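Novice: Got a structure for you, written out below as structure tokens; questions coming shortly.
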Amino acid sequence: MSAEQYHWWQQGVIYHVYPRSFMDSDGDGIGDLPGIVGRLDYLQWLGVDAIWLSPIFPSPMADFGYDVSDYTAIDPVFGTMEDFDRLVSEAHARGLRVLLDFVANHTSEHHPWFLESRSSRHSPKRDWYIWRDPAPGGGPPNNWLSAFGGSAWEWDDRTGQYYYHAFLKEQPDLNWRNPDVQQAMLDAMRFWFERGVDGFRLDAIWHLIKDDQFRDNPPNPDYKPNDPPYYRLLPVFTTDRPEIHPILAMMRRLADAYGDRVLIGEIYLPVERLVAYYGMHEPELHLPYNFQLVLLPWDARRIQAAIDVYEALLPPGAWPNWVLGNHDRPRVASRVGRAQARVAAMLLLTLRGTPTVYYGDEIGMVNVEIPAEAAKDPLEHTVGHGFGRDPERTPMQWDSTPNAGFTPGDPWLPLSPDYPVYNVEAQRTDPRSILTLYRRLLALRRAEPALSVGRYRSLPAEGELVAYLRADDAQRFLVALNFGSWVRRYSCRQLGLRGEIALSTYLDREGERVEGEVLLRPDEGVVVRLID
Ligand code: NOJ
Ligand code: MG
């Protein structure tokens, strides 16, 4: 297949914007849509292909937009529908696609549907949510736990029943077994497709359907005392239920009716289960998010094995994807260290499949320590101290002016104290910065289809090295990554290793000839263009 036959979402790179923290245009300290519009030139310069915006819909913000009270409008804190339309047209004019975050599993407790549903047991929308009587002896109907702490069942005094919430009690789960719910939610997706969005990231999608017999979840034999309490049980009756698949297929038919759109799913499941979300009988998601690089320890052997297993498990026609971080997980530069963050960038952008870059990772942003009085994320309270996600959600660092150029007002979360050094302005002209590395990797990937859509072949490597080959009919590249902090040599008998370095994570060896073996400095990754 020649490069032109691939879809944009296969060859392209997605950039994840957390709108509250990207760019504030009106001085309220919260990022907004006009702010994003003002930074589109940066994203185009960087060389990404699409932006995914975390939710921008009206919301009481109990979970910062993941509690939606209207699926077809814009929250005033982010701007207006006109701002949104302008964002789409300005992005499209620069060749950037726009993806929205569709919070399908639950609404806000303030959504009119839920207000109606909780108003009476006889409400026509009662069945739009999941209501149950207390257990025979009183108390919650079963042992299901909320991912955000405590029981997943919340008592409603007025109507004398419990409702189910997989996340906060402010986020009641919709009953997706109800065809009216399905239609209403599909209508909301249609609304945005009509406005020109290029696809959706579907939030918490593996939670969509729960067991219709409401069976108790079994205990998790691997539970460790410091794990969040949610992990005490295996969520086998609350997630990954078989009846989800026809619903995803329905969403896919809708997306396909609009042409070249993409559906991405947030799914935290082992890869053996994850691959089912491409669709077994009919097409479902284009890209069920593969979080292995987020979840696995940063260990060369574990990572190489994970890549190989994933590649082997992908069903025919299924397209891979890779992620290093998001607004729910510690920053990659904090997890693996600043030096390895460069190796991680090279890995992300040279694997087969669609990468997603989390905003700020390209300038090496780290987790920011948030003083208790400045904490915003409810998980800090509902799950416990240290589980809050504020540290990875701090404002983007644009320059060295006050508040890193993010806002003229008071930022909603504190800025990282490192912003005078780690910012876009300082790094864009620095030939050795991590930003320059990201930009060069993105440019190389764009210029060389072998690196985006070419074949992947795992190469034998030992210890702290990861090595693989990326090839199409025109070019072959060796990628060799040193996960350790000692000098290593990589050689491979299977490979006539002759070529020249196309890129090093140190950005100083381009064009260097290699023959027989390649030397890797501590924390160095290289892409070698092989010559036959
Ligand atoms: C996953 C989102 O990424 C997270 O931020 C949110 O809190 C939960 N889903 C609930 O919507
Ligand atoms: Mg603002």
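Letters A, B, ... go to the chains of the structure tokens in the order shown; residues in each chain start at 1; ligands are counted from 1 in the same order.
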Step by step, measure atom-to-atom distances between ligand 2 and each residue using only C-alpha atoms and all ligand atoms, keep those at most 10 Å, then write them as a PyMOL selection string.
Specialist: chain A and resi 19-35+76-79+406-409+411-412
Novice: Produce as a PyMOL selection string the set of residues near ligand 1, where near means within 6 Å with only C-alpha atoms and all ligand atoms considered.
Specialist: chain A and resi 63+66+167+203-204+328
Novice: Using 8 Å as the limit and counting only C-alpha atoms, can you tabulate each residue of range 308-405 of chain A that touches range 445-455 of chain A, with its shortest atom-to-atom distance in Å and the two atoms involved, as JSON lines?
Specialist:
{"residue": "A:Leu349", "atom": "CA", "partner": "A:Arg445", "partner_atom": "CA", "distance": 7.1}
{"residue": "A:Thr350", "atom": "CA", "partner": "A:Leu451", "partner_atom": "CA", "distance": 5.4}
{"residue": "A:Leu351", "atom": "CA", "partner": "A:Leu451", "partner_atom": "CA", "distance": 7.0}
{"residue": "A:Arg352", "atom": "CA", "partner": "A:Ser452", "partner_atom": "CA", "distance": 5.5}
{"residue": "A:Gly353", "atom": "CA", "partner": "A:Ser452", "partner_atom": "CA", "distance": 6.3}
{"residue": "A:Thr354", "atom": "CA", "partner": "A:Ser452", "partner_atom": "CA", "distance": 7.6}
Novice: Counting only C-alpha atoms, which residues of range 407-494 of chain A fall within 6 Å of range 512-518 of chain A, and what is the closest atom pair for each with its distance in Å at one decimal, ordered by chain and rising number, as CSV?
Specialist:
residue,atom,partner,partner_atom,distance
A:Arg489,CA,A:Val518,CA,5.6
A:Tyr490,CA,A:Val518,CA,5.2
A:Ser491,CA,A:Glu517,CA,4.4
Novice: With C-alpha atoms retained, write the just-selected residues as a CSV table (one decimal), in the first residue's frame.
Specialist:
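Final file, result-v6.csv:
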chain,number,residue,atom,x,y,z
A,489,ARG,CA,26.9,-0.7,21.6
A,490,TYR,CA,24.2,-2.1,19.4
A,491,SER,CA,24.9,-4.6,16.8
Novice: What lies within 7 Å of range 463-476 of chain A using only C-alpha atoms, ignoring chain neighbours under 5 positions off, as a ChimeraX atom specification?
Specialist: /A:300-301,304,450-451,454-458,481-484,529-530
Novice: Can those selected residues be exported to a file as an mmCIF file, in the first residue's frame so that it contains C-alpha atoms?
Specialist:
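So again35.cif came out as:
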data_model
loop_
_atom_site.group_PDB
_atom_site.id
_atom_site.type_symbol
_atom_site.label_atom_id
_atom_site.label_comp_id
_atom_site.auth_asym_id
_atom_site.auth_seq_id
_atom_site.Cartn_x
_atom_site.Cartn_y
_atom_site.Cartn_z
ATOM 1 C CA ALA A 300 13.583 -1.933 28.130
ATOM 2 C CA ARG A 301 12.764 -5.628 28.219
ATOM 3 C CA GLN A 304 9.990 -4.288 23.923
ATOM 4 C CA ALA A 450 8.440 3.983 6.621
ATOM 5 C CA LEU A 451 8.377 5.483 10.117
ATOM 6 C CA GLY A 454 5.913 1.082 7.396
ATOM 7 C CA ARG A 455 6.385 -2.446 8.657
ATOM 8 C CA TYR A 456 7.602 -3.014 12.215
ATOM 9 C CA ARG A 457 10.090 -5.745 13.034
ATOM 10 C CA SER A 458 11.401 -6.346 16.502
ATOM 11 C CA LEU A 481 17.139 3.160 22.169
ATOM 12 C CA ASN A 482 19.284 3.124 25.272
ATOM 13 C CA PHE A 483 17.031 3.022 28.350
ATOM 14 C CA GLY A 484 20.068 3.010 30.617
ATOM 15 C CA ARG A 529 18.792 5.250 7.850
ATOM 16 C CA LEU A 530 20.014 1.907 6.525
#
Novice: Apply DSSP to the structure's backbone, then extract all residues of range 330-452 of chain A labelled alpha helix (DSSP H) and return them as a ChimeraX atom specification.
Specialist: /A:332-336,338-350,379-382,424-428,434-447,449-452
Novice: List the neighbours of range 385-394 of chain A out to 7 Å using only C-alpha atoms; skip same-chain residues closer than 6 positions along the sequence, and give me the result as a list in words.
Specialist: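 The residues that qualify are Ser21, His327, Asp328, Arg329, Pro330, Arg331, Asn367, Val368, Glu369, Ile370, Ala375, Lys376, Asp377, Pro378, Leu379, Leu413, Pro414 and Leu415 of chain A.
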Novice: Would you put the residues from that selection into a file with C-alpha atoms, as a CSV table (one decimal), in the first residue's frame?
Specialist:
chain,number,residue,atom,x,y,z
A,21,SER,CA,-4.5,24.9,30.8
A,327,HIS,CA,-4.4,14.5,32.0
A,328,ASP,CA,-5.1,11.5,34.3
A,329,ARG,CA,-1.5,10.2,34.6
A,330,PRO,CA,1.8,11.5,35.9
A,331,ARG,CA,3.9,13.4,33.3
A,367,ASN,CA,4.5,17.1,37.4
A,368,VAL,CA,4.0,20.3,39.5
A,369,GLU,CA,3.7,20.0,43.2
A,370,ILE,CA,0.4,21.6,44.2
A,375,ALA,CA,-5.6,21.6,44.9
A,376,LYS,CA,-8.5,21.5,42.5
A,377,ASP,CA,-9.0,17.9,41.5
A,378,PRO,CA,-11.8,16.2,43.6
A,379,LEU,CA,-9.8,12.9,43.6
A,413,LEU,CA,-3.5,26.1,38.9
A,414,PRO,CA,0.0,27.2,39.8
A,415,LEU,CA,2.7,27.3,37.1
Novice: Tell me which protein, DNA and RNA residues are within 9 Å of Ala333 in chain A, counting only C-alpha atoms, leaving out same-chain ones fewer than 6 positions away, and put them as a count of residues only.
Specialist: 10
Novice: List as a ChimeraX atom specification the protein and nucleic acid residues near Val17 in chain A, meaning an atom at most 10 Å away when only C-alpha atoms are counted, but skip any in the same chain fewer than 4 places from it.
Specialist: /A:21-23,36,51-55,326-327,357-360,396
Novice: Create the file for the chosen residues now, containing all heavy atoms and written as a short mmCIF file (atom, residue, chain, number, x, y, z; two decimals), in the first residue's frame.
Specialist:
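Final output, result14.cif:
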data_model
loop_
_atom_site.label_atom_id
_atom_site.label_comp_id
_atom_site.auth_asym_id
_atom_site.auth_seq_id
_atom_site.Cartn_x
_atom_site.Cartn_y
_atom_site.Cartn_z
N SER A 21 -5.92 24.59 30.48
CA SER A 21 -4.52 24.89 30.78
C SER A 21 -3.68 25.25 29.56
O SER A 21 -2.47 25.32 29.67
CB SER A 21 -3.89 23.69 31.48
OG SER A 21 -4.48 23.51 32.74
N PHE A 22 -4.32 25.44 28.41
CA PHE A 22 -3.49 25.64 27.22
C PHE A 22 -3.16 27.11 27.00
O PHE A 22 -1.99 27.49 26.96
CB PHE A 22 -4.17 25.02 26.00
CG PHE A 22 -3.21 24.78 24.87
CD1 PHE A 22 -2.12 23.95 25.04
CD2 PHE A 22 -3.42 25.37 23.63
CE1 PHE A 22 -1.22 23.72 24.00
CE2 PHE A 22 -2.53 25.14 22.59
CZ PHE A 22 -1.43 24.32 22.77
N MET A 23 -4.21 27.94 26.88
CA MET A 23 -3.97 29.37 26.68
C MET A 23 -5.21 30.16 27.06
O MET A 23 -6.29 29.89 26.56
CB MET A 23 -3.61 29.63 25.20
CG MET A 23 -3.28 31.08 24.91
SD MET A 23 -1.72 31.57 25.73
CE MET A 23 -2.03 33.33 25.91
N ILE A 36 -6.81 28.89 22.32
CA ILE A 36 -6.30 27.80 21.46
C ILE A 36 -6.12 28.30 20.03
O ILE A 36 -5.10 28.02 19.40
CB ILE A 36 -7.24 26.57 21.51
CG1 ILE A 36 -7.33 26.03 22.94
CG2 ILE A 36 -6.75 25.48 20.56
CD1 ILE A 36 -8.40 24.95 23.14
N ILE A 51 -5.84 17.96 16.75
CA ILE A 51 -5.89 18.25 18.18
C ILE A 51 -7.12 17.59 18.76
O ILE A 51 -8.19 17.55 18.14
CB ILE A 51 -5.91 19.77 18.49
CG1 ILE A 51 -7.02 20.50 17.74
CG2 ILE A 51 -4.57 20.40 18.14
CD1 ILE A 51 -7.16 21.97 18.12
N TRP A 52 -6.94 17.01 19.92
CA TRP A 52 -8.07 16.48 20.71
C TRP A 52 -8.22 17.39 21.91
O TRP A 52 -7.27 17.62 22.64
CB TRP A 52 -7.80 15.02 21.11
CG TRP A 52 -8.37 14.63 22.45
CD1 TRP A 52 -9.53 15.07 23.02
CD2 TRP A 52 -7.79 13.74 23.40
NE1 TRP A 52 -9.71 14.51 24.26
CE2 TRP A 52 -8.65 13.70 24.52
CE3 TRP A 52 -6.62 12.96 23.41
CZ2 TRP A 52 -8.38 12.91 25.64
CZ3 TRP A 52 -6.36 12.18 24.52
CH2 TRP A 52 -7.23 12.15 25.63
N LEU A 53 -9.43 17.93 22.06
CA LEU A 53 -9.73 18.81 23.18
C LEU A 53 -10.45 18.04 24.26
O LEU A 53 -11.52 17.46 24.01
CB LEU A 53 -10.64 19.96 22.74
CG LEU A 53 -10.23 20.78 21.52
CD1 LEU A 53 -11.26 21.89 21.27
CD2 LEU A 53 -8.85 21.39 21.71
N SER A 54 -9.94 18.04 25.49
CA SER A 54 -10.72 17.54 26.61
C SER A 54 -12.01 18.37 26.67
O SER A 54 -12.09 19.44 26.07
CB SER A 54 -9.91 17.63 27.90
OG SER A 54 -9.03 16.52 28.00
N PRO A 55 -13.06 17.90 27.38
CA PRO A 55 -14.41 18.47 27.19
C PRO A 55 -14.53 19.99 27.35
O PRO A 55 -13.96 20.58 28.27
CB PRO A 55 -15.23 17.77 28.27
CG PRO A 55 -14.51 16.51 28.54
CD PRO A 55 -13.06 16.78 28.33
N ASN A 326 -1.36 11.49 29.68
CA ASN A 326 -2.58 12.26 29.50
C ASN A 326 -2.91 12.98 30.80
O ASN A 326 -2.12 12.93 31.75
CB ASN A 326 -3.73 11.35 29.01
CG ASN A 326 -4.02 10.21 29.97
OD1 ASN A 326 -4.03 10.39 31.19
ND2 ASN A 326 -4.25 9.03 29.43
N HIS A 327 -4.06 13.64 30.83
CA HIS A 327 -4.44 14.48 31.97
C HIS A 327 -4.81 13.69 33.22
O HIS A 327 -5.22 14.29 34.21
CB HIS A 327 -5.60 15.37 31.54
CG HIS A 327 -6.82 14.55 31.18
ND1 HIS A 327 -6.81 13.62 30.16
CD2 HIS A 327 -8.04 14.49 31.72
CE1 HIS A 327 -7.98 13.03 30.10
NE2 HIS A 327 -8.76 13.54 31.04
N VAL A 357 0.33 12.95 21.52
CA VAL A 357 1.27 13.72 22.35
C VAL A 357 0.45 14.56 23.32
O VAL A 357 -0.46 15.28 22.91
CB VAL A 357 2.12 14.66 21.45
CG1 VAL A 357 3.02 15.56 22.31
CG2 VAL A 357 2.93 13.86 20.44
N TYR A 358 0.76 14.48 24.60
CA TYR A 358 0.05 15.28 25.61
C TYR A 358 0.70 16.66 25.68
O TYR A 358 1.93 16.77 25.77
CB TYR A 358 0.13 14.57 26.96
CG TYR A 358 -0.65 15.25 28.06
CD1 TYR A 358 -1.96 15.67 27.84
CD2 TYR A 358 -0.10 15.46 29.31
CE1 TYR A 358 -2.69 16.29 28.85
CE2 TYR A 358 -0.82 16.07 30.33
CZ TYR A 358 -2.12 16.49 30.09
OH TYR A 358 -2.84 17.10 31.09
N TYR A 359 -0.12 17.71 25.67
CA TYR A 359 0.40 19.08 25.63
C TYR A 359 1.49 19.27 26.69
O TYR A 359 1.36 18.79 27.82
CB TYR A 359 -0.73 20.10 25.83
CG TYR A 359 -1.01 20.39 27.30
CD1 TYR A 359 -0.40 21.46 27.96
CD2 TYR A 359 -1.83 19.57 28.06
CE1 TYR A 359 -0.62 21.70 29.31
CE2 TYR A 359 -2.05 19.80 29.40
CZ TYR A 359 -1.44 20.86 30.03
OH TYR A 359 -1.62 21.09 31.37
N GLY A 360 2.53 19.97 26.33
CA GLY A 360 3.59 20.26 27.30
C GLY A 360 4.67 19.19 27.38
O GLY A 360 5.79 19.49 27.78
N MET A 396 0.24 25.50 30.35
CA MET A 396 1.28 25.40 29.33
C MET A 396 2.27 26.54 29.50
O MET A 396 1.89 27.67 29.81
CB MET A 396 0.63 25.45 27.94
CG MET A 396 1.60 25.39 26.79
SD MET A 396 2.40 23.75 26.71
CE MET A 396 3.33 23.95 25.17
#
Novice: Can you list, as a PDB file with N, CA, C and O atoms, in the first residue's frame, every protein, DNA or RNA residue that comes within 9 Å of Leu208 in chain A when you count only C-alpha atoms, leaving out same-chain residues fewer than 4 positions away?
Specialist:
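Written output follows (around22.pdb):
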ATOM      1  N   ALA A 104     -19.526   9.808  27.132  1.00  0.00           N
ATOM      2  CA  ALA A 104     -20.703   9.012  26.818  1.00  0.00           C
ATOM      3  C   ALA A 104     -21.257   8.273  28.034  1.00  0.00           C
ATOM      4  O   ALA A 104     -22.461   8.064  28.144  1.00  0.00           O
ATOM      5  N   ASN A 105     -20.410   7.891  28.940  1.00  0.00           N
ATOM      6  CA  ASN A 105     -20.826   6.971  30.004  1.00  0.00           C
ATOM      7  C   ASN A 105     -21.755   7.611  31.029  1.00  0.00           C
ATOM      8  O   ASN A 105     -22.607   6.945  31.591  1.00  0.00           O
ATOM      9  N   HIS A 106     -21.548   8.923  31.271  1.00  0.00           N
ATOM     10  CA  HIS A 106     -22.288   9.573  32.357  1.00  0.00           C
ATOM     11  C   HIS A 106     -22.535  11.027  31.994  1.00  0.00           C
ATOM     12  O   HIS A 106     -21.848  11.593  31.151  1.00  0.00           O
ATOM     13  N   ASP A 173     -24.291   7.567  35.880  1.00  0.00           N
ATOM     14  CA  ASP A 173     -24.137   6.813  34.634  1.00  0.00           C
ATOM     15  C   ASP A 173     -25.447   6.749  33.867  1.00  0.00           C
ATOM     16  O   ASP A 173     -26.505   6.465  34.446  1.00  0.00           O
ATOM     17  N   LEU A 174     -25.345   6.962  32.571  1.00  0.00           N
ATOM     18  CA  LEU A 174     -26.502   6.778  31.699  1.00  0.00           C
ATOM     19  C   LEU A 174     -26.790   5.281  31.550  1.00  0.00           C
ATOM     20  O   LEU A 174     -25.880   4.453  31.652  1.00  0.00           O
ATOM     21  N   ASN A 175     -28.030   4.964  31.268  1.00  0.00           N
ATOM     22  CA  ASN A 175     -28.404   3.580  30.995  1.00  0.00           C
ATOM     23  C   ASN A 175     -28.394   3.344  29.487  1.00  0.00           C
ATOM     24  O   ASN A 175     -29.394   3.569  28.808  1.00  0.00           O
ATOM     25  N   TRP A 176     -27.259   2.888  28.996  1.00  0.00           N
ATOM     26  CA  TRP A 176     -27.092   2.718  27.538  1.00  0.00           C
ATOM     27  C   TRP A 176     -27.866   1.515  26.993  1.00  0.00           C
ATOM     28  O   TRP A 176     -27.854   1.277  25.792  1.00  0.00           O
ATOM     29  N   ALA A 204     -14.057   6.984  28.879  1.00  0.00           N
ATOM     30  CA  ALA A 204     -14.425   5.866  29.769  1.00  0.00           C
ATOM     31  C   ALA A 204     -15.302   4.826  29.069  1.00  0.00           C
ATOM     32  O   ALA A 204     -16.192   4.234  29.675  1.00  0.00           O
ATOM     33  N   THR A 238     -18.901  -4.587  35.875  1.00  0.00           N
ATOM     34  CA  THR A 238     -19.185  -3.161  35.672  1.00  0.00           C
ATOM     35  C   THR A 238     -18.494  -2.586  34.445  1.00  0.00           C
ATOM     36  O   THR A 238     -18.776  -1.456  34.050  1.00  0.00           O
ATOM     37  N   THR A 239     -17.556  -3.331  33.869  1.00  0.00           N
ATOM     38  CA  THR A 239     -16.845  -2.830  32.682  1.00  0.00           C
ATOM     39  C   THR A 239     -16.677  -3.961  31.681  1.00  0.00           C
ATOM     40  O   THR A 239     -16.815  -5.137  32.032  1.00  0.00           O
ATOM     41  N   ASP A 240     -16.362  -3.570  30.432  1.00  0.00           N
ATOM     42  CA  ASP A 240     -16.011  -4.545  29.391  1.00  0.00           C
ATOM     43  C   ASP A 240     -17.084  -5.637  29.234  1.00  0.00           C
ATOM     44  O   ASP A 240     -16.759  -6.809  29.086  1.00  0.00           O
ATOM     45  N   ARG A 241     -18.336  -5.221  29.283  1.00  0.00           N
ATOM     46  CA  ARG A 241     -19.430  -6.184  29.102  1.00  0.00           C
ATOM     47  C   ARG A 241     -19.669  -6.408  27.600  1.00  0.00           C
ATOM     48  O   ARG A 241     -19.552  -5.469  26.802  1.00  0.00           O
ATOM     49  N   ILE A 244     -21.585  -4.063  24.951  1.00  0.00           N
ATOM     50  CA  ILE A 244     -21.093  -2.764  24.497  1.00  0.00           C
ATOM     51  C   ILE A 244     -20.808  -2.775  22.990  1.00  0.00           C
ATOM     52  O   ILE A 244     -20.920  -1.744  22.312  1.00  0.00           O
TER      53      ILE A 244
END
Novice: Using CA of Trp155 in chain A and CA of Ser69 in chain A as the two end points, give the distance in Å to one decimal.
Specialist: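 It comes out at 20.7 Å.
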Novice: Which of range 200-420 of chain A counts as strand (DSSP E) under DSSP, as a PyMOL selection string please?
Specialist: chain A and resi 200-202+262-265+287-288+321-323+354-358
Novice: Counting only C-alpha atoms, which residue out of A:Gln161, A:Gln397, A:Gln494, A:Gln182 sits closest to Gly138 in chain A?
Specialist: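 Checking each candidate against Gly138 in chain A, we get A:Gln161 as the closest.
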Novice: Find, counting only C-alpha atoms, the residue in A:Trp45, A:Phe193, A:Tyr6, A:Trp144 that gets nearest to Thr72 in chain A.
Specialist: A:Phe193
Novice: Can you build me a table of range 269-289 of chain A residues sitting at most 7 Å from range 317-321 of chain A, with the closest atom pair per residue and its distance in Å to one decimal, using only C-alpha atoms, sorted by chain and residue number, as JSON lines?
Specialist:
{"residue": "A:Tyr278", "atom": "CA", "partner": "A:Ala318", "partner_atom": "CA", "distance": 6.5}
{"residue": "A:Leu287", "atom": "CA", "partner": "A:Asn321", "partner_atom": "CA", "distance": 6.6}
{"residue": "A:Tyr289", "atom": "CA", "partner": "A:Asn321", "partner_atom": "CA", "distance": 6.6}
Novice: Next, write the just-selected residues to a file, as a short mmCIF file (atom, residue, chain, number, x, y, z; two decimals), in the first residue's frame, keeping N, CA, C and O atoms as the atom set.
Specialist:
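Result file part.cif:
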data_model
loop_
_atom_site.label_atom_id
_atom_site.label_comp_id
_atom_site.auth_asym_id
_atom_site.auth_seq_id
_atom_site.Cartn_x
_atom_site.Cartn_y
_atom_site.Cartn_z
N TYR A 278 -11.70 -3.07 18.38
CA TYR A 278 -11.66 -2.73 16.95
C TYR A 278 -12.92 -3.26 16.27
O TYR A 278 -13.28 -2.80 15.19
N LEU A 287 -9.40 3.48 16.83
CA LEU A 287 -8.23 3.44 17.70
C LEU A 287 -8.64 3.26 19.16
O LEU A 287 -8.91 4.23 19.86
N TYR A 289 -7.54 3.18 22.60
CA TYR A 289 -6.27 3.67 23.13
C TYR A 289 -5.46 2.56 23.80
O TYR A 289 -5.97 1.81 24.62
#
Novice: A:Glu170, A:Glu116, A:Asp85, A:Asp222: which is nearest Glu194 in chain A, counting only C-alpha atoms?
Specialist: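 Comparing A:Glu170, A:Glu116, A:Asp85, A:Asp222 against Glu194 in chain A, the winner is A:Asp85.
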